[in-house]
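So this block is entry_13.pdb, PDB, C-alpha atoms, pLDDT in the B column:
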```
ATOM      1  CA  MET A 205     116.461 124.918  60.993  1.00 58.00           C
ATOM      2  CA  PRO A 206     116.664 127.286  63.987  1.00 71.00           C
ATOM      3  CA  VAL A 207     118.591 125.981  66.986  1.00 62.00           C
ATOM      4  CA  SER A 208     115.538 126.377  69.261  1.00 70.00           C
ATOM      5  CA  THR A 209     113.376 124.254  66.945  1.00 75.00           C
ATOM      6  CA  LEU A 210     116.053 121.566  66.722  1.00 71.00           C
ATOM      7  CA  ALA A 211     116.349 121.520  70.507  1.00 74.00           C
ATOM      8  CA  LEU A 212     112.589 121.067  70.871  1.00 77.00           C
ATOM      9  CA  LEU A 213     112.617 118.192  68.366  1.00 78.00           C
ATOM     10  CA  LEU A 214     115.448 116.504  70.243  1.00 78.00           C
ATOM     11  CA  ILE A 215     113.594 116.871  73.547  1.00 82.00           C
ATOM     12  CA  LEU A 216     110.432 115.482  71.947  1.00 78.00           C
ATOM     13  CA  CYS A 217     112.319 112.485  70.544  1.00 79.00           C
ATOM     14  CA  LEU A 218     113.906 111.865  73.936  1.00 73.00           C
ATOM     15  CA  LEU A 219     110.504 111.949  75.687  1.00 77.00           C
ATOM     16  CA  ILE A 220     109.039 109.532  73.142  1.00 78.00           C
ATOM     17  CA  PHE A 221     112.008 107.196  73.618  1.00 73.00           C
ATOM     18  CA  LEU A 222     111.703 107.310  77.404  1.00 69.00           C
ATOM     19  CA  GLY A 223     107.955 106.667  77.104  1.00 72.00           C
ATOM     20  CA  LEU A 224     108.569 103.590  74.952  1.00 72.00           C
ATOM     21  CA  ILE A 225     111.115 102.288  77.448  1.00 72.00           C
ATOM     22  CA  GLU A 226     108.689 102.806  80.361  1.00 70.00           C
ATOM     23  CA  SER A 227     105.919 101.060  78.409  1.00 72.00           C
ATOM     24  CA  TRP A 228     108.185  98.078  77.672  1.00 70.00           C
ATOM     25  CA  ILE A 229     109.262  97.803  81.314  1.00 71.00           C
ATOM     26  CA  HIS A 230     105.623  97.893  82.478  1.00 68.00           C
ATOM     27  CA  LYS A 231     104.461  95.288  79.960  1.00 77.00           C
ATOM     28  CA  ASN A 232     107.321  93.053  81.058  1.00 76.00           C
ATOM     29  CA  ALA A 233     106.311  93.483  84.718  1.00 79.00           C
ATOM     30  CA  ILE A 234     102.627  92.607  84.272  1.00 87.00           C
ATOM     31  CA  SER A 235     103.443  89.680  81.973  1.00 83.00           C
ATOM     32  CA  LYS A 236     105.064  87.971  84.971  1.00 86.00           C
ATOM     33  CA  ILE A 237     101.902  88.212  87.131  1.00 95.00           C
ATOM     34  CA  PRO A 238      99.565  85.272  86.314  1.00 95.00           C
ATOM     35  CA  ILE A 239      96.399  86.678  87.958  1.00 97.00           C
ATOM     36  CA  ARG A 240      95.555  90.383  87.756  1.00 98.00           C
ATOM     37  CA  ILE A 241      92.341  91.664  89.323  1.00 98.00           C
ATOM     38  CA  HIS A 242      91.025  95.225  88.936  1.00 98.00           C
ATOM     39  CA  VAL A 243      88.347  96.484  91.354  1.00 98.00           C
ATOM     40  CA  ASN A 244      86.125  99.432  90.398  1.00 97.00           C
ATOM     41  CA  GLY A 245      82.722 100.764  91.469  1.00 95.00           C
ATOM     42  CA  THR A 246      81.196 103.508  93.593  1.00 93.00           C
ATOM     43  CA  ARG A 247      80.974 101.808  97.000  1.00 90.00           C
ATOM     44  CA  GLY A 248      82.933  99.125  98.828  1.00 92.00           C
ATOM     45  CA  ASN A 249      85.946  98.999  96.483  1.00 94.00           C
ATOM     46  CA  SER A 250      88.562  98.957  99.228  1.00 94.00           C
ATOM     47  CA  SER A 251      86.664  96.337 101.236  1.00 95.00           C
ATOM     48  CA  VAL A 252      86.252  94.071  98.209  1.00 97.00           C
ATOM     49  CA  THR A 253      89.932  94.462  97.311  1.00 97.00           C
ATOM     50  CA  ARG A 254      90.925  93.361 100.813  1.00 97.00           C
ATOM     51  CA  LEU A 255      88.446  90.474 100.854  1.00 98.00           C
ATOM     52  CA  ILE A 256      89.623  89.120  97.512  1.00 98.00           C
ATOM     53  CA  ALA A 257      93.284  89.326  98.503  1.00 98.00           C
ATOM     54  CA  ALA A 258      92.591  87.595 101.829  1.00 98.00           C
ATOM     55  CA  GLY A 259      90.639  84.811 100.131  1.00 98.00           C
ATOM     56  CA  LEU A 260      93.392  84.215  97.587  1.00 98.00           C
ATOM     57  CA  ARG A 261      96.085  84.148 100.274  1.00 98.00           C
ATOM     58  CA  ALA A 262      94.068  81.613 102.264  1.00 97.00           C
ATOM     59  CA  GLY A 263      94.082  79.415  99.174  1.00 97.00           C
ATOM     60  CA  GLY A 264      97.871  79.515  98.982  1.00 97.00           C
ATOM     61  CA  ILE A 265      98.130  82.129  96.216  1.00 98.00           C
ATOM     62  CA  LYS A 266     100.901  84.661  96.813  1.00 98.00           C
ATOM     63  CA  THR A 267      98.947  87.912  96.565  1.00 98.00           C
ATOM     64  CA  PHE A 268      99.670  91.617  96.835  1.00 98.00           C
ATOM     65  CA  ALA A 269      96.941  94.266  96.902  1.00 97.00           C
ATOM     66  CA  LYS A 270      96.556  98.029  96.789  1.00 96.00           C
ATOM     67  CA  THR A 271      93.663 100.119  98.099  1.00 94.00           C
ATOM     68  CA  THR A 272      92.900 103.806  97.701  1.00 87.00           C
ATOM     69  CA  GLY A 273      90.150 104.179 100.313  1.00 69.00           C
ATOM     70  CA  SER A 274      90.218 106.296 103.454  1.00 68.00           C
ATOM     71  CA  SER A 275      94.008 105.949 103.471  1.00 79.00           C
ATOM     72  CA  PRO A 276      96.018 104.576 100.510  1.00 87.00           C
ATOM     73  CA  ARG A 277      97.626 101.273 101.469  1.00 91.00           C
ATOM     74  CA  PHE A 278      99.276  98.258  99.959  1.00 93.00           C
ATOM     75  CA  ILE A 279      98.863  94.841 101.505  1.00 95.00           C
ATOM     76  CA  ASP A 280     101.773  92.434 101.220  1.00 96.00           C
ATOM     77  CA  SER A 281     101.712  88.681 100.715  1.00 96.00           C
ATOM     78  CA  ASN A 282     101.454  88.144 104.484  1.00 94.00           C
ATOM     79  CA  GLY A 283      98.352  90.328 104.739  1.00 94.00           C
ATOM     80  CA  ASP A 284     100.162  93.191 106.461  1.00 93.00           C
ATOM     81  CA  ASP A 285      99.169  96.807 105.742  1.00 91.00           C
ATOM     82  CA  HIS A 286     101.648  99.429 104.609  1.00 91.00           C
ATOM     83  CA  VAL A 287     100.806 103.124 104.292  1.00 88.00           C
ATOM     84  CA  ILE A 288     101.576 104.619 100.885  1.00 84.00           C
ATOM     85  CA  GLN A 289     103.392 107.898 101.394  1.00 78.00           C
ATOM     86  CA  ARG A 290     102.487 110.475  98.771  1.00 76.00           C
ATOM     87  CA  PHE A 291     104.723 113.493  98.268  1.00 69.00           C
ATOM     88  CA  ARG A 292     102.642 114.872  95.396  1.00 71.00           C
ATOM     89  CA  PRO A 293      98.974 114.867  94.351  1.00 71.00           C
ATOM     90  CA  ALA A 294      97.441 111.442  93.657  1.00 68.00           C
ATOM     91  CA  SER A 295      97.871 110.236  90.084  1.00 74.00           C
ATOM     92  CA  ILE A 296      96.973 106.997  88.286  1.00 79.00           C
ATOM     93  CA  GLY A 297     100.670 106.730  87.443  1.00 81.00           C
ATOM     94  CA  GLU A 298     100.954 105.436  91.000  1.00 87.00           C
ATOM     95  CA  GLN A 299      99.452 102.177  89.743  1.00 89.00           C
ATOM     96  CA  ILE A 300     102.382 101.596  87.389  1.00 90.00           C
ATOM     97  CA  ARG A 301     104.917 102.192  90.126  1.00 90.00           C
ATOM     98  CA  MET A 302     103.073  99.903  92.534  1.00 91.00           C
ATOM     99  CA  ILE A 303     102.738  97.086  89.981  1.00 93.00           C
ATOM    100  CA  SER A 304     106.472  97.365  89.298  1.00 92.00           C
ATOM    101  CA  ARG A 305     107.103  97.125  93.028  1.00 92.00           C
ATOM    102  CA  PHE A 306     104.883  94.063  93.372  1.00 93.00           C
ATOM    103  CA  ALA A 307     106.431  92.350  90.345  1.00 93.00           C
ATOM    104  CA  LYS A 308     109.832  92.315  92.050  1.00 92.00           C
ATOM    105  CA  HIS A 309     108.405  89.851  94.605  1.00 93.00           C
ATOM    106  CA  SER A 310     107.122  87.405  91.944  1.00 94.00           C
ATOM    107  CA  PRO A 311     103.465  87.419  93.030  1.00 96.00           C
ATOM    108  CA  GLN A 312     100.969  84.910  91.701  1.00 97.00           C
ATOM    109  CA  ALA A 313      98.206  87.516  91.918  1.00 98.00           C
ATOM    110  CA  ILE A 314      97.668  91.236  92.401  1.00 97.00           C
ATOM    111  CA  VAL A 315      94.424  92.967  93.342  1.00 98.00           C
ATOM    112  CA  MET A 316      94.325  96.658  92.405  1.00 97.00           C
ATOM    113  CA  GLU A 317      91.612  99.100  93.417  1.00 97.00           C
ATOM    114  CA  CYS A 318      90.965 101.515  90.554  1.00 95.00           C
ATOM    115  CA  MET A 319      91.975 105.043  91.548  1.00 91.00           C
ATOM    116  CA  ALA A 320      90.747 106.802  88.391  1.00 90.00           C
ATOM    117  CA  VAL A 321      87.500 108.783  88.358  1.00 91.00           C
ATOM    118  CA  GLN A 322      87.292 110.407  84.918  1.00 93.00           C
ATOM    119  CA  PRO A 323      86.043 107.945  82.263  1.00 93.00           C
ATOM    120  CA  GLN A 324      89.087 108.294  80.005  1.00 94.00           C
ATOM    121  CA  TYR A 325      91.459 107.639  82.888  1.00 93.00           C
ATOM    122  CA  GLN A 326      89.449 104.599  83.949  1.00 95.00           C
ATOM    123  CA  TRP A 327      89.932 103.194  80.447  1.00 96.00           C
ATOM    124  CA  ILE A 328      93.675 103.867  80.602  1.00 95.00           C
ATOM    125  CA  ALA A 329      93.922 102.345  84.095  1.00 94.00           C
ATOM    126  CA  GLU A 330      92.509  99.053  82.808  1.00 96.00           C
ATOM    127  CA  HIS A 331      93.608  98.712  79.200  1.00 94.00           C
ATOM    128  CA  GLN A 332      97.050 100.298  79.486  1.00 92.00           C
ATOM    129  CA  MET A 333      98.031  99.655  83.102  1.00 93.00           C
ATOM    130  CA  VAL A 334      96.431  96.673  84.865  1.00 95.00           C
ATOM    131  CA  ARG A 335      95.153  94.647  81.884  1.00 96.00           C
ATOM    132  CA  SER A 336      93.200  92.470  84.249  1.00 97.00           C
ATOM    133  CA  HIS A 337      92.082  88.891  83.873  1.00 97.00           C
ATOM    134  CA  ILE A 338      89.197  89.519  86.278  1.00 98.00           C
ATOM    135  CA  GLY A 339      87.436  92.867  86.474  1.00 98.00           C
ATOM    136  CA  VAL A 340      85.137  93.829  89.334  1.00 98.00           C
ATOM    137  CA  ILE A 341      82.458  96.513  89.441  1.00 98.00           C
ATOM    138  CA  THR A 342      81.086  96.480  92.962  1.00 97.00           C
ATOM    139  CA  ASN A 343      78.004  98.593  92.257  1.00 95.00           C
ATOM    140  CA  VAL A 344      76.705 101.707  90.491  1.00 94.00           C
ATOM    141  CA  ARG A 345      75.554 104.628  92.633  1.00 88.00           C
ATOM    142  CA  PRO A 346      75.076 108.365  91.909  1.00 84.00           C
ATOM    143  CA  ASP A 347      78.600 109.358  92.907  1.00 77.00           C
ATOM    144  CA  HIS A 348      81.258 111.652  91.353  1.00 73.00           C
ATOM    145  CA  LEU A 349      78.540 112.979  89.066  1.00 76.00           C
ATOM    146  CA  GLU A 350      80.710 115.940  88.062  1.00 79.00           C
ATOM    147  CA  GLU A 351      83.177 113.563  86.420  1.00 79.00           C
ATOM    148  CA  MET A 352      81.013 110.538  85.497  1.00 82.00           C
ATOM    149  CA  GLY A 353      77.440 111.887  85.446  1.00 75.00           C
ATOM    150  CA  PRO A 354      75.003 113.406  85.215  1.00 88.00           C
ATOM    151  CA  THR A 355      72.841 110.237  85.128  1.00 88.00           C
ATOM    152  CA  ASP A 356      73.155 106.795  86.692  1.00 88.00           C
ATOM    153  CA  ASP A 357      73.573 105.330  83.206  1.00 90.00           C
ATOM    154  CA  ASP A 358      76.488 107.689  82.571  1.00 93.00           C
ATOM    155  CA  VAL A 359      78.125 106.481  85.780  1.00 93.00           C
ATOM    156  CA  ALA A 360      77.599 102.858  84.712  1.00 94.00           C
ATOM    157  CA  PHE A 361      79.110 103.486  81.264  1.00 95.00           C
ATOM    158  CA  SER A 362      82.080 105.187  82.890  1.00 95.00           C
ATOM    159  CA  LEU A 363      82.729 102.300  85.274  1.00 96.00           C
ATOM    160  CA  CYS A 364      82.450  99.865  82.375  1.00 97.00           C
ATOM    161  CA  ASN A 365      85.657 101.341  80.982  1.00 97.00           C
ATOM    162  CA  THR A 366      87.468  98.921  83.296  1.00 97.00           C
ATOM    163  CA  ILE A 367      85.787  95.773  81.950  1.00 98.00           C
ATOM    164  CA  PRO A 368      88.639  93.525  80.741  1.00 98.00           C
ATOM    165  CA  VAL A 369      89.022  92.155  77.235  1.00 98.00           C
ATOM    166  CA  ASN A 370      88.874  88.354  76.952  1.00 97.00           C
ATOM    167  CA  GLY A 371      88.524  88.098  80.721  1.00 98.00           C
ATOM    168  CA  VAL A 372      85.798  87.959  83.346  1.00 98.00           C
ATOM    169  CA  LEU A 373      83.584  90.697  84.792  1.00 98.00           C
ATOM    170  CA  ILE A 374      82.098  90.104  88.241  1.00 98.00           C
ATOM    171  CA  THR A 375      79.655  92.583  89.745  1.00 98.00           C
ATOM    172  CA  GLY A 376      77.311  92.951  92.691  1.00 96.00           C
ATOM    173  CA  GLU A 377      75.206  95.490  90.771  1.00 94.00           C
ATOM    174  CA  ASP A 378      71.734  94.274  89.817  1.00 90.00           C
ATOM    175  CA  LYS A 379      69.982  97.350  88.377  1.00 91.00           C
ATOM    176  CA  LYS A 380      72.565  98.037  85.648  1.00 93.00           C
ATOM    177  CA  SER A 381      73.547  94.415  85.069  1.00 92.00           C
ATOM    178  CA  ASP A 382      72.091  94.220  81.537  1.00 94.00           C
ATOM    179  CA  LEU A 383      74.154  97.220  80.434  1.00 95.00           C
ATOM    180  CA  MET A 384      77.295  95.711  81.946  1.00 96.00           C
ATOM    181  CA  LYS A 385      76.598  92.318  80.402  1.00 97.00           C
ATOM    182  CA  ASP A 386      76.269  93.834  76.932  1.00 97.00           C
ATOM    183  CA  ILE A 387      79.606  95.640  77.219  1.00 97.00           C
ATOM    184  CA  ALA A 388      81.277  92.548  78.678  1.00 97.00           C
ATOM    185  CA  MET A 389      80.080  90.548  75.690  1.00 97.00           C
ATOM    186  CA  GLU A 390      81.446  93.208  73.336  1.00 97.00           C
ATOM    187  CA  ASN A 391      84.800  92.774  75.100  1.00 97.00           C
ATOM    188  CA  GLN A 392      84.444  88.983  74.776  1.00 98.00           C
ATOM    189  CA  SER A 393      84.480  88.663  78.556  1.00 98.00           C
ATOM    190  CA  GLU A 394      82.433  86.341  80.733  1.00 98.00           C
ATOM    191  CA  PHE A 395      79.790  88.082  82.857  1.00 98.00           C
ATOM    192  CA  ILE A 396      78.933  87.040  86.434  1.00 98.00           C
ATOM    193  CA  CYS A 397      76.395  88.812  88.653  1.00 97.00           C
ATOM    194  CA  SER A 398      76.979  87.838  92.289  1.00 97.00           C
ATOM    195  CA  ASN A 399      74.083  86.958  94.564  1.00 96.00           C
ATOM    196  CA  GLU A 400      74.355  88.446  98.042  1.00 96.00           C
ATOM    197  CA  LYS A 401      71.486  86.255  99.258  1.00 95.00           C
ATOM    198  CA  LYS A 402      73.869  83.303  99.273  1.00 96.00           C
ATOM    199  CA  ILE A 403      75.743  84.857 102.194  1.00 96.00           C
ATOM    200  CA  THR A 404      74.372  83.444 105.434  1.00 96.00           C
ATOM    201  CA  LYS A 405      73.935  85.226 108.755  1.00 95.00           C
ATOM    202  CA  GLU A 406      76.436  82.828 110.329  1.00 95.00           C
ATOM    203  CA  GLU A 407      79.042  83.798 107.724  1.00 96.00           C
ATOM    204  CA  LEU A 408      78.390  87.498 108.343  1.00 95.00           C
ATOM    205  CA  ASP A 409      78.611  87.128 112.118  1.00 95.00           C
ATOM    206  CA  LYS A 410      82.169  85.815 111.883  1.00 95.00           C
ATOM    207  CA  PHE A 411      83.450  89.196 110.671  1.00 95.00           C
ATOM    208  CA  ASN A 412      84.770  91.480 113.422  1.00 91.00           C
ATOM    209  CA  TYR A 413      83.437  94.523 111.575  1.00 92.00           C
ATOM    210  CA  MET A 414      80.276  95.266 109.613  1.00 91.00           C
ATOM    211  CA  GLU A 415      80.677  93.954 106.077  1.00 95.00           C
ATOM    212  CA  HIS A 416      78.056  94.135 103.320  1.00 95.00           C
ATOM    213  CA  PRO A 417      76.854  90.755 101.969  1.00 97.00           C
ATOM    214  CA  SER A 418      77.227  91.991  98.381  1.00 97.00           C
ATOM    215  CA  ASN A 419      80.932  92.696  98.915  1.00 97.00           C
ATOM    216  CA  ILE A 420      81.475  89.194 100.278  1.00 98.00           C
ATOM    217  CA  ALA A 421      79.508  87.586  97.439  1.00 98.00           C
ATOM    218  CA  VAL A 422      81.578  89.391  94.808  1.00 98.00           C
ATOM    219  CA  ALA A 423      84.860  88.497  96.521  1.00 98.00           C
ATOM    220  CA  LEU A 424      83.846  84.846  96.792  1.00 98.00           C
ATOM    221  CA  ASP A 425      83.013  84.684  93.086  1.00 98.00           C
ATOM    222  CA  VAL A 426      86.399  86.179  92.239  1.00 98.00           C
ATOM    223  CA  CYS A 427      88.154  83.621  94.431  1.00 98.00           C
ATOM    224  CA  LYS A 428      86.121  80.839  92.828  1.00 98.00           C
ATOM    225  CA  LYS A 429      87.315  81.914  89.364  1.00 97.00           C
ATOM    226  CA  ALA A 430      90.860  81.807  90.721  1.00 97.00           C
ATOM    227  CA  GLY A 431      90.331  78.214  91.890  1.00 97.00           C
ATOM    228  CA  ILE A 432      89.752  78.807  95.619  1.00 98.00           C
ATOM    229  CA  ASN A 433      86.809  77.020  97.231  1.00 96.00           C
ATOM    230  CA  ARG A 434      84.251  78.908  99.274  1.00 97.00           C
ATOM    231  CA  ASP A 435      85.158  77.605 102.740  1.00 97.00           C
ATOM    232  CA  THR A 436      88.863  78.294 102.272  1.00 98.00           C
ATOM    233  CA  ALA A 437      88.235  81.793 100.909  1.00 98.00           C
ATOM    234  CA  LEU A 438      85.864  82.638 103.764  1.00 98.00           C
ATOM    235  CA  LEU A 439      88.401  81.436 106.305  1.00 97.00           C
ATOM    236  CA  GLY A 440      90.822  84.039 104.984  1.00 97.00           C
ATOM    237  CA  MET A 441      88.198  86.759 104.684  1.00 97.00           C
ATOM    238  CA  HIS A 442      87.112  86.371 108.287  1.00 97.00           C
ATOM    239  CA  LYS A 443      90.670  87.244 109.331  1.00 94.00           C
ATOM    240  CA  VAL A 444      90.977  90.283 107.066  1.00 93.00           C
ATOM    241  CA  GLN A 445      92.156  93.591 108.436  1.00 87.00           C
ATOM    242  CA  PRO A 446      89.375  96.046 107.495  1.00 87.00           C
ATOM    243  CA  ASP A 447      89.947  99.290 105.681  1.00 81.00           C
ATOM    244  CA  VAL A 448      90.549 102.396 107.765  1.00 74.00           C
ATOM    245  CA  GLY A 449      87.161 103.826 108.700  1.00 68.00           C
ATOM    246  CA  ALA A 450      85.275 100.520 108.604  1.00 70.00           C
ATOM    247  CA  LEU A 451      82.464 100.294 111.134  1.00 67.00           C
ATOM    248  CA  ILE A 452      83.520  97.989 113.976  1.00 67.00           C
TER     249      ILE A 452
END
```
I need this file expressed as structure tokens, please.
Amino acid sequence: MPVSTLALLLILCLLIFLGLIESWIHKNAISKIPIRIHVNGTRGNSSVTRLIAAGLRAGGIKTFAKTTGSSPRFIDSNGDDHVIQRFRPASIGEQIRMISRFAKHSPQAIVMECMAVQPQYQWIAEHQMVRSHIGVITNVRPDHLEEMGPTDDDVAFSLCNTIPVNGVLITGEDKKSDLMKDIAMENQSEFICSNEKKITKEELDKFNYMEHPSNIAVALDVCKKAGINRDTALLGMHKVQPDVGALI
């Protein structure tokens, strides 16, 4: 066997070995996090991520969160924002590194905003990286049509790649809810469609920025599944630091 071919085989074996080690380390990290929540959708993802994390913290659950909105941030267990410094183009591999970072602090819950756009990467982000207990799809809008389109149904199917297996899917989307419910059932996951009409004007007025009722309804349903009552969750949400760019 030529020396060059042998060298390539050795490099390939080394890469496979390193990949297996990284996979084992990641599986070990997520196995220590009792509640994992993955937030996807076309609008309001960062806001919903922050609302859920705030509601869980108010209920005494040690929670870390990561958003990828106007400015990528992670939110620690005290609710403080930290800018994520990127020294290379954004990659979904960032999720693995952030989960590993969170796991070192023994969190009871993590809330991760999905940063993948292409359908295949959305599937990997959920089923290989986060492996959530509760999946969220905020809504389905004609967005990123080059990657997920060209139709609204295509976008919905793409977003459904992050529906957990044997978990719960919570969504604020009403027009594509039947499609999502069918896929959730295929994944043996419970399906919940949140009702924004349950959010009162008084509850909205207590926010110091303009928040959409659908986002609040979804976040409240997630907190309810995690065992946090409505009043406690809202108390935390009303104190949330909004995402950069939120309308004050």
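Distance-wise, CA of Gln322 in chain A and CA of Glu415 in chain A end up 27.6 Å apart.
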**Study point:** Residues within 12 Å of (71.1, 86.7, 78.6), file coords, all atoms listed in the file, listed as JSON, numbers by chain
**Key:** {"A": [381, 382, 383, 384, 385, 386, 388, 389, 394, 395, 396, 397]}
Practice item. Work out how far CA of Ala423 in chain A is from CA of Leu255 in chain A, in Å to one decimal. Key: 6.0 Å
Practice item. Do a neighbour search on range 303-318 of chain A at 9 Å with only C-alpha atoms, toss out local chain neighbours closer than 2 positions, and write the hits as an MDAnalysis selection string. Key: chainID A and resid 229:230 233:234 236:245 249:250 252:254 256:257 260 265:273 280:281 296 298:301 320:321 326 329:330 333:334 366
Next, dump the selected residues to file, keeping only C-alpha atoms, as a PDB file, keeping the file's coordinate frame.
```pdb
ATOM      1  CA  ILE A 229     109.262  97.803  81.314  1.00 71.00           C
ATOM      2  CA  HIS A 230     105.623  97.893  82.478  1.00 68.00           C
ATOM      3  CA  ALA A 233     106.311  93.483  84.718  1.00 79.00           C
ATOM      4  CA  ILE A 234     102.627  92.607  84.272  1.00 87.00           C
ATOM      5  CA  LYS A 236     105.064  87.971  84.971  1.00 86.00           C
ATOM      6  CA  ILE A 237     101.902  88.212  87.131  1.00 95.00           C
ATOM      7  CA  PRO A 238      99.565  85.272  86.314  1.00 95.00           C
ATOM      8  CA  ILE A 239      96.399  86.678  87.958  1.00 97.00           C
ATOM      9  CA  ARG A 240      95.555  90.383  87.756  1.00 98.00           C
ATOM     10  CA  ILE A 241      92.341  91.664  89.323  1.00 98.00           C
ATOM     11  CA  HIS A 242      91.025  95.225  88.936  1.00 98.00           C
ATOM     12  CA  VAL A 243      88.347  96.484  91.354  1.00 98.00           C
ATOM     13  CA  ASN A 244      86.125  99.432  90.398  1.00 97.00           C
ATOM     14  CA  GLY A 245      82.722 100.764  91.469  1.00 95.00           C
ATOM     15  CA  ASN A 249      85.946  98.999  96.483  1.00 94.00           C
ATOM     16  CA  SER A 250      88.562  98.957  99.228  1.00 94.00           C
ATOM     17  CA  VAL A 252      86.252  94.071  98.209  1.00 97.00           C
ATOM     18  CA  THR A 253      89.932  94.462  97.311  1.00 97.00           C
ATOM     19  CA  ARG A 254      90.925  93.361 100.813  1.00 97.00           C
ATOM     20  CA  ILE A 256      89.623  89.120  97.512  1.00 98.00           C
ATOM     21  CA  ALA A 257      93.284  89.326  98.503  1.00 98.00           C
ATOM     22  CA  LEU A 260      93.392  84.215  97.587  1.00 98.00           C
ATOM     23  CA  ILE A 265      98.130  82.129  96.216  1.00 98.00           C
ATOM     24  CA  LYS A 266     100.901  84.661  96.813  1.00 98.00           C
ATOM     25  CA  THR A 267      98.947  87.912  96.565  1.00 98.00           C
ATOM     26  CA  PHE A 268      99.670  91.617  96.835  1.00 98.00           C
ATOM     27  CA  ALA A 269      96.941  94.266  96.902  1.00 97.00           C
ATOM     28  CA  LYS A 270      96.556  98.029  96.789  1.00 96.00           C
ATOM     29  CA  THR A 271      93.663 100.119  98.099  1.00 94.00           C
ATOM     30  CA  THR A 272      92.900 103.806  97.701  1.00 87.00           C
ATOM     31  CA  GLY A 273      90.150 104.179 100.313  1.00 69.00           C
ATOM     32  CA  ASP A 280     101.773  92.434 101.220  1.00 96.00           C
ATOM     33  CA  SER A 281     101.712  88.681 100.715  1.00 96.00           C
ATOM     34  CA  ILE A 296      96.973 106.997  88.286  1.00 79.00           C
ATOM     35  CA  GLU A 298     100.954 105.436  91.000  1.00 87.00           C
ATOM     36  CA  GLN A 299      99.452 102.177  89.743  1.00 89.00           C
ATOM     37  CA  ILE A 300     102.382 101.596  87.389  1.00 90.00           C
ATOM     38  CA  ARG A 301     104.917 102.192  90.126  1.00 90.00           C
ATOM     39  CA  ALA A 320      90.747 106.802  88.391  1.00 90.00           C
ATOM     40  CA  VAL A 321      87.500 108.783  88.358  1.00 91.00           C
ATOM     41  CA  GLN A 326      89.449 104.599  83.949  1.00 95.00           C
ATOM     42  CA  ALA A 329      93.922 102.345  84.095  1.00 94.00           C
ATOM     43  CA  GLU A 330      92.509  99.053  82.808  1.00 96.00           C
ATOM     44  CA  MET A 333      98.031  99.655  83.102  1.00 93.00           C
ATOM     45  CA  VAL A 334      96.431  96.673  84.865  1.00 95.00           C
ATOM     46  CA  THR A 366      87.468  98.921  83.296  1.00 97.00           C
TER      47      THR A 366
END
```
Point to revise | Between CA of Cys364 in chain A and CA of Trp327 in chain A, distance in Å (one decimal) | key: 8.4 Å
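Residues lying within 8 Å of Gly263 in chain A, counting all atoms listed in the file and ignoring same-chain neighbours fewer than 4 positions away, are Gly259, Ile432, Asn433, Thr436 and Ala437 of chain A.
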Check your understanding: Care to translate the PyMOL selection byres ((chain A and resi 402) around 12) into actual residues of this file, as a ChimeraX atom specification?
Key -> /A:398-401,403-408,417-422,424-425,434
Report as an mmCIF file with C-alpha atoms, keeping the file's coordinate frame all protein, DNA and RNA residues lying within 6 Å of Leu373 in chain A, evaluated on all atoms listed in the file, omitting residues in the same chain fewer than 6 positions from it.
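Resulting contents of result38.cif:
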```cif
data_model
loop_
_atom_site.group_PDB
_atom_site.id
_atom_site.type_symbol
_atom_site.label_atom_id
_atom_site.label_comp_id
_atom_site.auth_asym_id
_atom_site.auth_seq_id
_atom_site.Cartn_x
_atom_site.Cartn_y
_atom_site.Cartn_z
ATOM 1 C CA ILE A 338 89.197 89.519 86.278
ATOM 2 C CA GLY A 339 87.436 92.867 86.474
ATOM 3 C CA VAL A 340 85.137 93.829 89.334
ATOM 4 C CA PHE A 395 79.790 88.082 82.857
#
```
Practice item. Take the point (81.2, 94.5, 92.3) in the file's coordinates, draw a sphere of radius 6 Å around it, and report as a list in words every protein, DNA or RNA residue with an atom inside or on it, counting all atoms listed in the file. Key: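 With a cut-off of 6 Å, the residues come to Val340, Ile341, Thr342, Asn343, Thr375, Gly376 and Val422 of chain A.
Shortest atom-to-atom contact with Asp435 in chain A among A:Ala262, A:Gln289, A:His348, A:Ser208: A:Ala262, counting all atoms listed in the file.
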Exercise for review: Apply the PyMOL selection byres ((chain A and resi 410) around 10) to the structure shown and report the selected residues as JSON, numbers by chain.
Suggested key: {"A": [405, 406, 407, 408, 409, 411, 412, 413, 414, 438, 439, 441, 442, 443]}
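With only C-alpha atoms as the atoms that count, the residue of A:Gln445, A:Asp378, A:Ser362, A:Val369 with the shortest distance to His286 in chain A is A:Gln445.
Shortest separation to Ser393 in chain A among A:Arg290, A:Lys429, A:Lys380, A:His337 occurs at residue A:His337, atoms counted being all atoms listed in the file.
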Revision key, fill the gap. Counting all atoms listed in the file, the residue among A:Ile328, A:Leu363, A:Ile279, A:Leu216 that lies closest to Val344 in chain A is A:Leu363
